[in-house]
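S.K.: Input my_file_33.cif, format and content: mmCIF, C-alpha atoms.
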```cif
data_coords
#
loop_
_atom_site.group_PDB
_atom_site.id
_atom_site.type_symbol
_atom_site.label_atom_id
_atom_site.label_comp_id
_atom_site.auth_asym_id
_atom_site.auth_seq_id
_atom_site.Cartn_x
_atom_site.Cartn_y
_atom_site.Cartn_z
ATOM 1 C CA MET B 1 0.000 0.000 0.000
ATOM 2 C CA ASN B 2 1.448 3.368 -0.975
ATOM 3 C CA ARG B 3 1.317 6.485 1.188
ATOM 4 C CA ARG B 4 -1.673 8.010 -0.621
ATOM 5 C CA ASP B 5 -3.710 4.789 -0.270
ATOM 6 C CA PHE B 6 -2.734 4.477 3.379
ATOM 7 C CA LEU B 7 -3.850 7.999 4.203
ATOM 8 C CA GLY B 8 -7.111 7.481 2.349
ATOM 9 C CA SER B 9 -7.832 4.267 4.281
ATOM 10 C CA SER B 10 -6.985 5.933 7.574
ATOM 11 C CA ALA B 11 -9.397 8.760 6.877
ATOM 12 C CA ILE B 12 -12.245 6.340 6.207
ATOM 13 C CA LEU B 13 -11.516 4.253 9.294
ATOM 14 C CA GLY B 14 -11.053 7.277 11.537
ATOM 15 C CA PHE B 15 -13.961 9.429 10.525
ATOM 16 C CA GLY B 16 -16.541 7.037 9.107
ATOM 17 C CA LEU B 17 -18.370 7.347 5.824
ATOM 18 C CA ALA B 18 -20.717 10.095 7.036
ATOM 19 C CA ASN B 19 -17.874 12.309 8.161
ATOM 20 C CA VAL B 20 -15.966 11.629 4.963
ATOM 21 C CA SER B 21 -19.042 12.734 3.019
ATOM 22 C CA SER B 22 -19.264 15.941 5.054
ATOM 23 C CA TRP B 23 -15.562 16.583 4.551
ATOM 24 C CA SER B 24 -15.930 16.031 0.800
ATOM 25 C CA ASN B 25 -18.812 18.501 0.620
ATOM 26 C CA ALA B 26 -16.830 21.092 2.560
ATOM 27 C CA LYS B 27 -13.816 20.529 0.309
ATOM 28 C CA ALA B 28 -15.984 20.945 -2.799
ATOM 29 C CA GLN B 29 -17.438 24.171 -1.408
ATOM 30 C CA THR B 30 -13.952 25.537 -0.623
ATOM 31 C CA THR B 31 -12.713 24.599 -4.077
ATOM 32 C CA SER B 32 -15.707 26.341 -5.631
ATOM 33 C CA GLU B 33 -14.981 29.499 -3.660
ATOM 34 C CA MET B 34 -11.370 29.449 -4.892
ATOM 35 C CA ASP B 35 -12.420 29.086 -8.537
ATOM 36 C CA LYS B 36 -12.618 32.601 -9.994
ATOM 37 C CA ARG B 37 -12.569 31.794 -13.692
ATOM 38 C CA GLU B 38 -15.563 33.977 -14.464
ATOM 39 C CA ILE B 39 -13.630 37.181 -13.666
ATOM 40 C CA ALA B 40 -10.369 36.201 -15.391
ATOM 41 C CA LYS B 41 -9.307 38.063 -18.526
ATOM 42 C CA LEU B 42 -6.294 37.978 -20.834
ATOM 43 C CA ARG B 43 -4.898 41.513 -21.015
ATOM 44 C CA ILE B 44 -1.739 41.810 -23.083
ATOM 45 C CA SER B 45 1.058 44.311 -22.507
ATOM 46 C CA SER B 46 4.482 44.645 -24.107
ATOM 47 C CA GLN B 47 7.878 46.033 -23.362
ATOM 48 C CA MET B 48 8.952 48.762 -25.756
ATOM 49 C CA GLY B 49 11.817 46.772 -27.250
ATOM 50 C CA VAL B 50 9.578 43.916 -28.376
ATOM 51 C CA ALA B 51 7.023 45.928 -30.320
ATOM 52 C CA PRO B 52 7.498 46.866 -33.991
ATOM 53 C CA GLY B 53 8.319 50.477 -34.829
ATOM 54 C CA ASP B 54 11.329 52.759 -35.227
ATOM 55 C CA SER B 55 10.344 55.244 -32.512
ATOM 56 C CA GLU B 56 8.725 55.097 -29.094
ATOM 57 C CA GLU B 57 5.563 56.680 -30.486
ATOM 58 C CA LYS B 58 5.312 54.165 -33.349
ATOM 59 C CA LYS B 59 5.935 51.256 -31.001
ATOM 60 C CA LEU B 60 3.135 52.422 -28.711
ATOM 61 C CA ALA B 61 0.812 52.954 -31.681
ATOM 62 C CA ASN B 62 1.526 49.444 -32.976
ATOM 63 C CA MET B 63 0.938 47.921 -29.544
ATOM 64 C CA LYS B 64 -2.520 49.463 -29.537
ATOM 65 C CA LYS B 65 -3.187 48.592 -33.177
ATOM 66 C CA PHE B 66 -2.396 44.915 -32.707
ATOM 67 C CA GLY B 67 -4.348 44.395 -29.489
ATOM 68 C CA CYS B 68 -2.209 45.341 -26.488
ATOM 69 C CA GLU B 69 -3.890 47.137 -23.615
ATOM 70 C CA ALA B 70 -0.747 48.389 -21.881
ATOM 71 C CA VAL B 71 2.945 49.128 -22.171
ATOM 72 C CA GLU B 72 5.633 47.861 -19.775
ATOM 73 C CA TYR B 73 8.246 50.562 -19.334
ATOM 74 C CA HIS B 74 11.940 50.143 -18.464
ATOM 75 C CA GLY B 75 13.756 51.738 -15.531
ATOM 76 C CA GLY B 76 14.853 54.681 -17.638
ATOM 77 C CA VAL B 77 11.421 56.298 -17.217
ATOM 78 C CA VAL B 78 11.981 56.884 -13.488
ATOM 79 C CA GLY B 79 11.658 60.588 -12.761
ATOM 80 C CA GLN B 80 9.819 61.159 -16.051
ATOM 81 C CA GLY B 81 6.388 59.903 -15.102
ATOM 82 C CA ALA B 82 4.416 62.772 -16.601
ATOM 83 C CA LYS B 83 6.125 62.433 -19.991
ATOM 84 C CA TYR B 84 5.658 58.687 -20.297
ATOM 85 C CA LYS B 85 2.136 58.734 -18.894
ATOM 86 C CA LYS B 86 1.141 61.203 -21.625
ATOM 87 C CA MET B 87 2.776 59.028 -24.288
ATOM 88 C CA ALA B 88 0.795 56.005 -23.137
ATOM 89 C CA ASP B 89 -2.407 58.030 -22.863
ATOM 90 C CA ASP B 90 -1.961 59.430 -26.353
ATOM 91 C CA ALA B 91 -1.632 55.874 -27.687
ATOM 92 C CA GLY B 92 -4.685 54.693 -25.756
ATOM 93 C CA LEU B 93 -2.659 52.395 -23.516
ATOM 94 C CA GLU B 94 -2.355 51.829 -19.791
ATOM 95 C CA VAL B 95 1.016 51.279 -18.119
ATOM 96 C CA SER B 96 1.414 47.787 -16.694
ATOM 97 C CA VAL B 97 4.662 47.997 -14.686
ATOM 98 C CA ILE B 98 8.181 49.395 -14.582
ATOM 99 C CA CYS B 99 10.774 46.650 -15.150
ATOM 100 C CA TRP B 100 13.446 47.950 -12.796
ATOM 101 C CA GLY B 101 15.961 45.210 -11.967
ATOM 102 C CA SER B 102 18.228 44.475 -9.003
ATOM 103 C CA HIS B 103 20.058 47.794 -8.459
ATOM 104 C CA GLY B 104 23.286 45.840 -8.839
ATOM 105 C CA GLY B 105 22.267 43.399 -6.122
ATOM 106 C CA ASP B 106 22.921 46.072 -3.496
ATOM 107 C CA LEU B 107 20.530 44.511 -0.987
ATOM 108 C CA CYS B 108 22.837 41.490 -0.872
ATOM 109 C CA LYS B 109 26.276 43.125 -0.745
ATOM 110 C CA GLY B 110 26.525 43.432 3.049
ATOM 111 C CA ASP B 111 26.976 47.216 2.831
ATOM 112 C CA PRO B 112 24.414 49.362 4.741
ATOM 113 C CA LYS B 113 25.236 52.406 2.579
ATOM 114 C CA LYS B 114 24.345 50.472 -0.560
ATOM 115 C CA ILE B 115 21.046 49.432 1.019
ATOM 116 C CA ASP B 116 20.304 53.064 1.913
ATOM 117 C CA ASN B 117 20.957 54.077 -1.706
ATOM 118 C CA LEU B 118 18.755 51.228 -2.891
ATOM 119 C CA LYS B 119 15.922 52.485 -0.682
ATOM 120 C CA VAL B 120 16.178 55.986 -2.105
ATOM 121 C CA ASP B 121 16.215 54.806 -5.712
ATOM 122 C CA LEU B 122 13.481 52.198 -5.316
ATOM 123 C CA LYS B 123 11.242 54.804 -3.695
ATOM 124 C CA LYS B 124 11.819 57.080 -6.699
ATOM 125 C CA ALA B 125 10.819 54.211 -8.983
ATOM 126 C CA LEU B 126 7.693 53.562 -6.906
ATOM 127 C CA GLU B 127 6.768 57.241 -7.042
ATOM 128 C CA THR B 128 7.044 57.142 -10.826
ATOM 129 C CA ALA B 129 4.970 53.946 -10.951
ATOM 130 C CA GLY B 130 2.324 55.774 -8.960
ATOM 131 C CA GLU B 131 2.362 58.647 -11.468
ATOM 132 C CA LEU B 132 2.008 56.166 -14.297
ATOM 133 C CA LYS B 133 -0.808 54.337 -12.466
ATOM 134 C CA ALA B 134 1.211 51.160 -12.974
ATOM 135 C CA ARG B 135 0.679 47.985 -10.989
ATOM 136 C CA GLY B 136 4.189 48.040 -9.653
ATOM 137 C CA VAL B 137 7.951 48.043 -9.957
ATOM 138 C CA ILE B 138 9.597 44.711 -10.777
ATOM 139 C CA TYR B 139 12.447 44.098 -8.343
ATOM 140 C CA VAL B 140 15.052 41.304 -8.241
ATOM 141 C CA PRO B 141 16.976 41.032 -4.930
ATOM 142 C CA ALA B 142 20.124 39.795 -6.705
ATOM 143 C CA PHE B 143 21.299 38.004 -9.816
ATOM 144 C CA ALA B 144 23.619 35.058 -9.229
ATOM 145 C CA HIS B 145 26.836 36.967 -10.005
ATOM 146 C CA GLU B 146 25.925 39.859 -7.710
ATOM 147 C CA THR B 147 26.171 38.156 -4.316
ATOM 148 C CA LYS B 148 27.853 35.370 -2.386
ATOM 149 C CA MET B 149 25.228 35.248 0.355
ATOM 150 C CA THR B 150 23.193 32.125 1.080
ATOM 151 C CA ASN B 151 19.487 31.673 0.382
ATOM 152 C CA GLN B 152 18.721 31.991 4.079
ATOM 153 C CA GLU B 153 20.686 35.219 4.414
ATOM 154 C CA ILE B 154 19.042 36.782 1.365
ATOM 155 C CA ARG B 155 15.569 35.789 2.504
ATOM 156 C CA GLN B 156 16.115 37.454 5.862
ATOM 157 C CA LEU B 157 17.397 40.588 4.147
ATOM 158 C CA CYS B 158 14.209 40.643 2.077
ATOM 159 C CA LEU B 159 12.072 40.362 5.207
ATOM 160 C CA ASP B 160 14.025 43.214 6.805
ATOM 161 C CA PHE B 161 13.904 45.424 3.700
ATOM 162 C CA LEU B 162 10.658 44.831 1.857
ATOM 163 C CA PRO B 163 7.991 45.738 4.461
ATOM 164 C CA GLU B 164 9.148 49.374 4.464
ATOM 165 C CA MET B 165 9.219 49.411 0.663
ATOM 166 C CA GLY B 166 5.782 47.824 0.562
ATOM 167 C CA GLU B 167 4.352 50.483 2.852
ATOM 168 C CA PHE B 168 5.826 53.190 0.634
ATOM 169 C CA ALA B 169 4.437 51.441 -2.442
ATOM 170 C CA LYS B 170 0.969 51.504 -0.890
ATOM 171 C CA GLN B 171 1.268 55.256 -0.373
ATOM 172 C CA CYS B 172 1.947 55.492 -4.129
ATOM 173 C CA ASN B 173 -0.973 53.143 -4.956
ATOM 174 C CA THR B 174 1.352 50.561 -6.460
ATOM 175 C CA HIS B 175 3.442 47.485 -5.518
ATOM 176 C CA VAL B 176 6.943 46.129 -5.208
ATOM 177 C CA ILE B 177 6.816 43.069 -7.477
ATOM 178 C CA LEU B 178 9.323 40.266 -6.870
ATOM 179 C CA GLU B 179 10.439 38.361 -9.965
ATOM 180 C CA PRO B 180 11.531 34.722 -9.586
ATOM 181 C CA LEU B 181 14.306 33.789 -12.029
ATOM 182 C CA CYS B 182 15.608 30.493 -13.384
ATOM 183 C CA ARG B 183 18.765 28.887 -12.009
ATOM 184 C CA MET B 184 20.847 30.156 -14.929
ATOM 185 C CA GLU B 185 20.316 33.697 -13.648
ATOM 186 C CA ALA B 186 19.757 33.415 -9.891
ATOM 187 C CA PHE B 187 20.112 30.853 -7.137
ATOM 188 C CA PHE B 188 17.702 32.679 -4.809
ATOM 189 C CA LEU B 189 13.968 33.127 -5.481
ATOM 190 C CA ARG B 190 13.438 30.700 -8.360
ATOM 191 C CA GLN B 191 9.815 29.614 -7.968
ATOM 192 C CA VAL B 192 6.616 31.638 -7.852
ATOM 193 C CA ALA B 193 5.658 29.999 -4.547
ATOM 194 C CA ASP B 194 8.957 31.215 -3.035
ATOM 195 C CA GLY B 195 7.996 34.779 -3.893
ATOM 196 C CA ALA B 196 4.470 34.313 -2.550
ATOM 197 C CA SER B 197 5.848 33.038 0.769
ATOM 198 C CA ILE B 198 8.008 36.159 1.100
ATOM 199 C CA CYS B 199 4.944 38.324 0.399
ATOM 200 C CA ARG B 200 3.063 36.442 3.097
ATOM 201 C CA ASP B 201 5.865 36.924 5.612
ATOM 202 C CA CYS B 202 6.077 40.635 4.752
ATOM 203 C CA GLY B 203 2.493 41.117 5.907
ATOM 204 C CA GLY B 204 0.163 39.450 3.433
ATOM 205 C CA VAL B 205 -1.832 40.627 0.442
ATOM 206 C CA ASP B 206 -2.153 44.167 1.823
ATOM 207 C CA SER B 207 1.585 44.599 2.408
ATOM 208 C CA GLY B 208 2.351 46.286 -0.926
ATOM 209 C CA VAL B 209 4.746 43.414 -1.724
ATOM 210 C CA SER B 210 3.699 41.047 -4.500
ATOM 211 C CA VAL B 211 5.082 38.506 -6.962
ATOM 212 C CA MET B 212 5.029 37.799 -10.683
ATOM 213 C CA GLY B 213 5.606 34.817 -12.930
ATOM 214 C CA ASP B 214 7.671 34.635 -16.111
ATOM 215 C CA PHE B 215 6.851 31.776 -18.495
ATOM 216 C CA TYR B 216 10.477 31.551 -19.632
ATOM 217 C CA HIS B 217 11.867 31.106 -16.114
ATOM 218 C CA MET B 218 8.930 28.908 -15.105
ATOM 219 C CA TYR B 219 9.756 26.477 -17.914
ATOM 220 C CA THR B 220 12.929 25.508 -16.043
ATOM 221 C CA GLU B 221 11.833 25.863 -12.430
ATOM 222 C CA GLU B 222 8.174 24.812 -12.184
ATOM 223 C CA THR B 223 6.708 21.321 -12.490
ATOM 224 C CA SER B 224 3.315 22.861 -13.293
ATOM 225 C CA ASP B 225 2.599 26.326 -14.660
ATOM 226 C CA MET B 226 -0.958 26.059 -13.410
ATOM 227 C CA GLY B 227 0.198 25.058 -9.946
ATOM 228 C CA ALA B 228 2.719 27.893 -9.854
ATOM 229 C CA PHE B 229 0.105 30.543 -10.539
ATOM 230 C CA ILE B 230 -2.361 28.996 -8.093
ATOM 231 C CA SER B 231 0.392 29.064 -5.443
ATOM 232 C CA ALA B 232 0.659 32.825 -5.983
ATOM 233 C CA GLY B 233 -3.073 33.511 -5.762
ATOM 234 C CA ASP B 234 -3.858 37.093 -4.811
ATOM 235 C CA TYR B 235 -0.157 37.922 -4.531
ATOM 236 C CA LEU B 236 0.236 37.723 -8.320
ATOM 237 C CA GLN B 237 0.464 41.180 -9.885
ATOM 238 C CA HIS B 238 2.192 40.610 -13.242
ATOM 239 C CA VAL B 239 3.181 37.967 -15.809
ATOM 240 C CA HIS B 240 5.957 37.932 -18.413
ATOM 241 C CA LEU B 241 5.374 36.204 -21.749
ATOM 242 C CA ALA B 242 8.229 34.445 -23.548
ATOM 243 C CA GLY B 243 8.953 31.095 -25.139
ATOM 244 C CA GLY B 244 10.893 28.487 -23.182
ATOM 245 C CA THR B 245 14.476 27.279 -23.396
ATOM 246 C CA GLN B 246 13.969 25.235 -26.583
ATOM 247 C CA GLN B 247 15.496 26.903 -29.611
ATOM 248 C CA PRO B 248 14.774 29.599 -30.518
ATOM 249 C CA SER B 249 14.690 30.426 -26.803
ATOM 250 C CA ARG B 250 12.974 33.346 -25.094
ATOM 251 C CA THR B 251 11.219 34.445 -28.239
ATOM 252 C CA LEU B 252 7.662 35.542 -29.013
ATOM 253 C CA PRO B 253 5.019 33.059 -27.869
ATOM 254 C CA GLY B 254 4.149 30.818 -30.797
ATOM 255 C CA GLN B 255 7.686 30.909 -32.261
ATOM 256 C CA ASN B 256 8.871 28.186 -29.898
ATOM 257 C CA PRO B 257 7.359 24.832 -28.773
ATOM 258 C CA ARG B 258 6.412 26.370 -25.399
ATOM 259 C CA THR B 259 2.718 25.999 -24.566
ATOM 260 C CA PHE B 260 0.855 28.508 -22.397
ATOM 261 C CA VAL B 261 -2.371 26.556 -21.899
ATOM 262 C CA ASP B 262 -1.507 25.053 -18.506
ATOM 263 C CA GLY B 263 -0.371 28.408 -17.148
ATOM 264 C CA PHE B 264 -3.449 30.149 -18.506
ATOM 265 C CA ARG B 265 -5.602 27.562 -16.725
ATOM 266 C CA GLY B 266 -3.948 28.625 -13.490
ATOM 267 C CA LEU B 267 -4.471 32.318 -14.265
ATOM 268 C CA LYS B 268 -8.113 31.670 -15.031
ATOM 269 C CA TYR B 269 -8.591 29.666 -11.839
ATOM 270 C CA ILE B 270 -7.323 32.495 -9.609
ATOM 271 C CA GLY B 271 -9.339 35.089 -11.533
ATOM 272 C CA TYR B 272 -6.271 36.911 -12.798
ATOM 273 C CA ASN B 273 -7.090 40.067 -14.729
ATOM 274 C CA GLY B 274 -3.779 41.865 -14.475
ATOM 275 C CA PHE B 275 -1.415 42.186 -17.407
ATOM 276 C CA CYS B 276 0.585 39.541 -19.275
ATOM 277 C CA SER B 277 3.491 41.326 -20.933
ATOM 278 C CA PHE B 278 5.912 40.437 -23.722
ATOM 279 C CA GLU B 279 9.523 40.257 -22.510
ATOM 280 C CA CYS B 280 11.245 38.379 -25.300
ATOM 281 C CA GLY B 281 12.964 38.447 -28.658
ATOM 282 C CA CYS B 282 11.472 37.950 -32.091
ATOM 283 C CA GLN B 283 12.298 35.677 -35.014
ATOM 284 C CA GLY B 284 11.508 37.416 -38.284
ATOM 285 C CA ASP B 285 9.721 40.646 -39.144
ATOM 286 C CA ARG B 286 8.197 42.161 -36.004
ATOM 287 C CA ILE B 287 5.387 43.846 -37.908
ATOM 288 C CA VAL B 288 4.287 40.373 -39.063
ATOM 289 C CA GLU B 289 5.209 38.252 -36.043
ATOM 290 C CA PHE B 290 3.981 40.539 -33.249
ATOM 291 C CA PRO B 291 0.248 40.347 -34.147
ATOM 292 C CA LYS B 292 0.582 36.626 -34.941
ATOM 293 C CA SER B 293 1.860 36.062 -31.399
ATOM 294 C CA ILE B 294 -1.031 37.994 -29.888
ATOM 295 C CA GLN B 295 -3.516 35.841 -31.804
ATOM 296 C CA PHE B 296 -1.634 32.719 -30.698
ATOM 297 C CA LEU B 297 -2.037 33.793 -27.062
ATOM 298 C CA TYR B 298 -5.770 34.369 -27.420
ATOM 299 C CA ASP B 299 -6.073 30.905 -28.987
ATOM 300 C CA GLN B 300 -4.154 29.397 -26.046
ATOM 301 C CA TRP B 301 -6.387 31.292 -23.598
ATOM 302 C CA GLU B 302 -9.473 29.825 -25.251
ATOM 303 C CA GLN B 303 -8.029 26.312 -24.929
ATOM 304 C CA ALA B 304 -7.258 26.805 -21.229
#
```
Let's see the structure in the file written out as structure tokens.
M.R.:
Amino acid sequence: MNRRDFLGSSAILGFGLANVSSWSNAKAQTTSEMDKREIAKLRISSQMGVAPGDSEEKKLANMKKFGCEAVEYHGGVVGQGAKYKKMADDAGLEVSVICWGSHGGDLCKGDPKKIDNLKVDLKKALETAGELKARGVIYVPAFAHETKMTNQEIRQLCLDFLPEMGEFAKQCNTHVILEPLCRMEAFFLRQVADGASICRDCGGVDSGVSVMGDFYHMYTEETSDMGAFISAGDYLQHVHLAGGTQQPSRTLPGQNPRTFVDGFRGLKYIGYNGFCSFECGCQGDRIVEFPKSIQFLYDQWEQA
């Protein structure tokens, strides 16, 4: 008898068939309450570099033309919120997030002055995200080459650092968004559930600290895309779209064998209606391939 069969037999013997029936009904009710598929929606965003066009204005116009609802800006927009908000507004787009990075891994360098500088700069980024009405600022505690600290040390640093940043983010009506990365890029924070557990320990869903998932990184680190997104639940504030590690790697969805159906099932189940944003390369002519990829994603969403 395997472990699962043993536990099942023990439950029946211990509780009796009537209690098992009651437990099953309660479980079904809880599962039903968790299922939020009816409010889920696929809303596509894109980083500027992915979209076709030879100027920022043309890229934004093409995003809108081909079906994007938002733009994901890079860290260079910090301090220029009014300018880039107007550009997005003029194109008829929202702003999804600011993709900000790790600040050189300064949280994990063991230097209090570097952490103080990180706080100042991250707060500036959060202020700009607030101006842009963006969901948040994507933050990576450290890439693999930026620190020699252990997982346990970095996690504690996050718990010491992030609650203050989360409170500031809330004042700006936005979030600090943790991005899990694959093992080729980071040894700390590799799974979506890891990020969700940090959010929980920083104070929960109202802490201003949240997590995202990136289909490229998830291809290496997650056994189930659906399970990964369900593990994030209400902590999930953003998603990156990119093909997996098969060649051509990290390219537009649909240009690589990577499937998105399982992940989209998870997003539907948790009622996700935030943005899913292109962060990838492109094989071929962007003006042709970009809209093809958007249609591919809608087809995958329908299958999910």
S.K.: From the list B:Asp262, B:Asp194, B:Asp201, B:Asp234, which residue is nearest Tyr219 (chain B) when using all atoms listed in the file?
M.R.: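 Under the stated criterion, the closest residue is B:Asp262.
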S.K.: What does the structure give for the distance between CA of Gln300 (chain B) and CA of Arg265 (chain B), in Å to one decimal?
M.R.: 9.6 Å
S.K.: Please identify every residue of region 162-271 of chain B that has at least one atom no farther than 10 Å from an atom of region 131-139 of chain B, counting all atoms listed in the file, and for each give the shortest atom pair and the distance in Å to one decimal, arranged by chain then increasing number, as CSV.
M.R.:
```
residue,atom,partner,partner_atom,distance
B:Ala169,CA,B:Gly136,CA,8.0
B:Lys170,CA,B:Gly136,CA,10.0
B:Cys172,CA,B:Glu131,CA,8.0
B:Asn173,CA,B:Lys133,CA,7.6
B:Thr174,CA,B:Gly136,CA,5.0
B:His175,CA,B:Gly136,CA,4.2
B:Val176,CA,B:Val137,CA,5.2
B:Ile177,CA,B:Ile138,CA,4.6
B:Leu178,CA,B:Tyr139,CA,5.2
B:Glu179,CA,B:Tyr139,CA,6.3
B:Pro180,CA,B:Tyr139,CA,9.5
B:Gly208,CA,B:Gly136,CA,9.1
B:Val209,CA,B:Gly136,CA,9.2
B:Ser210,CA,B:Gly136,CA,8.7
B:Val211,CA,B:Ile138,CA,8.6
B:Met212,CA,B:Ile138,CA,8.3
B:Gln237,CA,B:Arg135,CA,6.9
B:His238,CA,B:Arg135,CA,7.9
```
S.K.: Between B:Gly204, B:Ala144, B:Leu122, B:Val192, which is the closest to Ala228 (chain B) once you count all atoms listed in the file?
M.R.: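 Of all the options, B:Val192 lies closest to Ala228 (chain B).
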S.K.: Given the file above and the PyMOL selection byres ((chain B and resi 224) around 12), which residues are selected, and can you give them as a list of chain:residue names?
M.R.: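 Taken on the displayed file, the PyMOL selection byres ((chain B and resi 224) around 12) yields the residues B:Gln191, B:Val192, B:Ala193, B:Phe215, B:Met218, B:Tyr219, B:Thr220, B:Glu221, B:Glu222, B:Thr223, B:Asp225, B:Met226, B:Gly227, B:Ala228, B:Phe229, B:Ile230, B:Ser231, B:Thr259, B:Phe260, B:Val261, B:Asp262, B:Gly263, B:Phe264, B:Arg265, B:Gly266.
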S.K.: Pull C-alpha atoms from the residues just selected and write them as a tab-separated table (two decimals), in the coordinates of the input.
M.R.:
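Below is the file that was written, result.tsv:
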```tsv
chain	number	residue	atom	x	y	z
B	191	GLN	CA	9.82	29.61	-7.97
B	192	VAL	CA	6.62	31.64	-7.85
B	193	ALA	CA	5.66	30.00	-4.55
B	215	PHE	CA	6.85	31.78	-18.50
B	218	MET	CA	8.93	28.91	-15.10
B	219	TYR	CA	9.76	26.48	-17.91
B	220	THR	CA	12.93	25.51	-16.04
B	221	GLU	CA	11.83	25.86	-12.43
B	222	GLU	CA	8.17	24.81	-12.18
B	223	THR	CA	6.71	21.32	-12.49
B	225	ASP	CA	2.60	26.33	-14.66
B	226	MET	CA	-0.96	26.06	-13.41
B	227	GLY	CA	0.20	25.06	-9.95
B	228	ALA	CA	2.72	27.89	-9.85
B	229	PHE	CA	0.10	30.54	-10.54
B	230	ILE	CA	-2.36	29.00	-8.09
B	231	SER	CA	0.39	29.06	-5.44
B	259	THR	CA	2.72	26.00	-24.57
B	260	PHE	CA	0.86	28.51	-22.40
B	261	VAL	CA	-2.37	26.56	-21.90
B	262	ASP	CA	-1.51	25.05	-18.51
B	263	GLY	CA	-0.37	28.41	-17.15
B	264	PHE	CA	-3.45	30.15	-18.51
B	265	ARG	CA	-5.60	27.56	-16.73
B	266	GLY	CA	-3.95	28.62	-13.49
```
S.K.: If you measure from CA of Met149 (chain B) to CA of Asp206 (chain B), what distance in Å do you get, rounded to one decimal?
M.R.: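 Rounded to one decimal, the two atoms are 28.8 Å apart.
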S.K.: Mind giving me the straight-line distance from CA of Trp301 (chain B) to CA of Lys65 (chain B) in Å, one decimal?
M.R.: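 A separation of 20.0 Å between them.
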S.K.: If the PyMOL selection byres ((chain B and resi 81) around 8) is run on the structure shown, which residues does it catch, given as a list in words?
M.R.: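 Residues picked by the PyMOL selection byres ((chain B and resi 81) around 8): Val77, Val78, Gly79, Gln80, Ala82, Lys83, Tyr84, Lys85, Thr128, Ala129, Glu131 and Leu132 of chain B.
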S.K.: What do you get, as a ChimeraX atom specification, if you spell out every residue that the PyMOL selection byres ((chain B and resi 100) around 8) selects here?
M.R.: /B:74-75,98-99,101-103,125,137-139
S.K.: Write out as JSON, numbers by chain the residues lying within 8 Å of Glu279 (chain B), counting all atoms listed in the file and excluding same-chain residues fewer than 2 positions away.
M.R.: {"B": [46, 47, 50, 240, 241, 242, 277, 281]}
S.K.: Based on the selection just made, write C-alpha atoms of those residues as a PDB file, in the frame of the given file.
M.R.:
```pdb
ATOM      1  CA  SER B  46       4.482  44.645 -24.107  1.00  0.00           C
ATOM      2  CA  GLN B  47       7.878  46.033 -23.362  1.00  0.00           C
ATOM      3  CA  VAL B  50       9.578  43.916 -28.376  1.00  0.00           C
ATOM      4  CA  HIS B 240       5.957  37.932 -18.413  1.00  0.00           C
ATOM      5  CA  LEU B 241       5.374  36.204 -21.749  1.00  0.00           C
ATOM      6  CA  ALA B 242       8.229  34.445 -23.548  1.00  0.00           C
ATOM      7  CA  SER B 277       3.491  41.326 -20.933  1.00  0.00           C
ATOM      8  CA  GLY B 281      12.964  38.447 -28.658  1.00  0.00           C
TER       9      GLY B 281
END
```
S.K.: Could you put an axis-aligned box around every listed atom of region 123-137 of chain B, padded by 6 Å on each side, and send me its centre and edge lengths in Å to one decimal, as AutoDock Vina command-line options?
M.R.:
```
--center_x 5.5 --center_y 53.3 --center_z -9.0 --size_x 24.6 --size_y 22.7 --size_z 22.6
```
S.K.: For Ser207 (chain B), which residue among B:Asn256, B:Phe168, B:Leu181, B:Gly244 is the nearest when counting all atoms listed in the file?
M.R.: B:Phe168
S.K.: Could you check the closest approach to Pro291 (chain B) for each of B:Lys58, B:Arg183, B:Lys124, B:Lys64 and tell me which residue wins, using all atoms listed in the file?
M.R.: B:Lys64
S.K.: Which residue is closest to Ala186 (chain B)? Choose from B:Gly243, B:Gly105, B:Gly110, B:Gly274 and count all atoms listed in the file.
M.R.: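 Ranking B:Gly243, B:Gly105, B:Gly110, B:Gly274 by distance to Ala186 (chain B), first place goes to B:Gly105.
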S.K.: With a distance cut-off of 6 Å and only C-alpha atoms, select the neighbouring residues of Lys36 (chain B), excluding the residue or stretch itself and same-chain residues fewer than 3 positions from it, and output the selection as a PDB file with C-alpha atoms, in the frame of the given file.
M.R.:
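Below you can see out.pdb, which holds the result:
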```
ATOM      1  CA  ILE B  39     -13.630  37.181 -13.666  1.00  0.00           C
ATOM      2  CA  TYR B 269      -8.591  29.666 -11.839  1.00  0.00           C
ATOM      3  CA  ILE B 270      -7.323  32.495  -9.609  1.00  0.00           C
ATOM      4  CA  GLY B 271      -9.339  35.089 -11.533  1.00  0.00           C
TER       5      GLY B 271
END
```
S.K.: Under the rule that all atoms listed in the file are counted, which of B:Glu164, B:Phe290, B:Ala304, B:Val239 is the nearest residue to Thr251 (chain B)?
M.R.: B:Phe290
S.K.: Please write N, CA and C atoms of region 160-164 of chain B, from the structure given just now, as a PDB file, in the first residue's frame.
M.R.:
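out_7.pdb, freshly written:
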```
ATOM      1  N   ASP B 160      13.651  41.982   6.104  1.00  0.00           N
ATOM      2  CA  ASP B 160      14.025  43.214   6.805  1.00  0.00           C
ATOM      3  C   ASP B 160      13.767  44.449   5.938  1.00  0.00           C
ATOM      4  N   PHE B 161      13.925  44.295   4.632  1.00  0.00           N
ATOM      5  CA  PHE B 161      13.904  45.424   3.700  1.00  0.00           C
ATOM      6  C   PHE B 161      12.532  45.708   3.089  1.00  0.00           C
ATOM      7  N   LEU B 162      11.844  44.658   2.683  1.00  0.00           N
ATOM      8  CA  LEU B 162      10.658  44.831   1.857  1.00  0.00           C
ATOM      9  C   LEU B 162       9.438  45.424   2.560  1.00  0.00           C
ATOM     10  N   PRO B 163       9.181  45.141   3.849  1.00  0.00           N
ATOM     11  CA  PRO B 163       7.991  45.738   4.461  1.00  0.00           C
ATOM     12  C   PRO B 163       7.964  47.273   4.376  1.00  0.00           C
ATOM     13  N   GLU B 164       9.095  47.910   4.590  1.00  0.00           N
ATOM     14  CA  GLU B 164       9.148  49.374   4.464  1.00  0.00           C
ATOM     15  C   GLU B 164       8.872  49.799   3.026  1.00  0.00           C
TER      16      GLU B 164
END
```
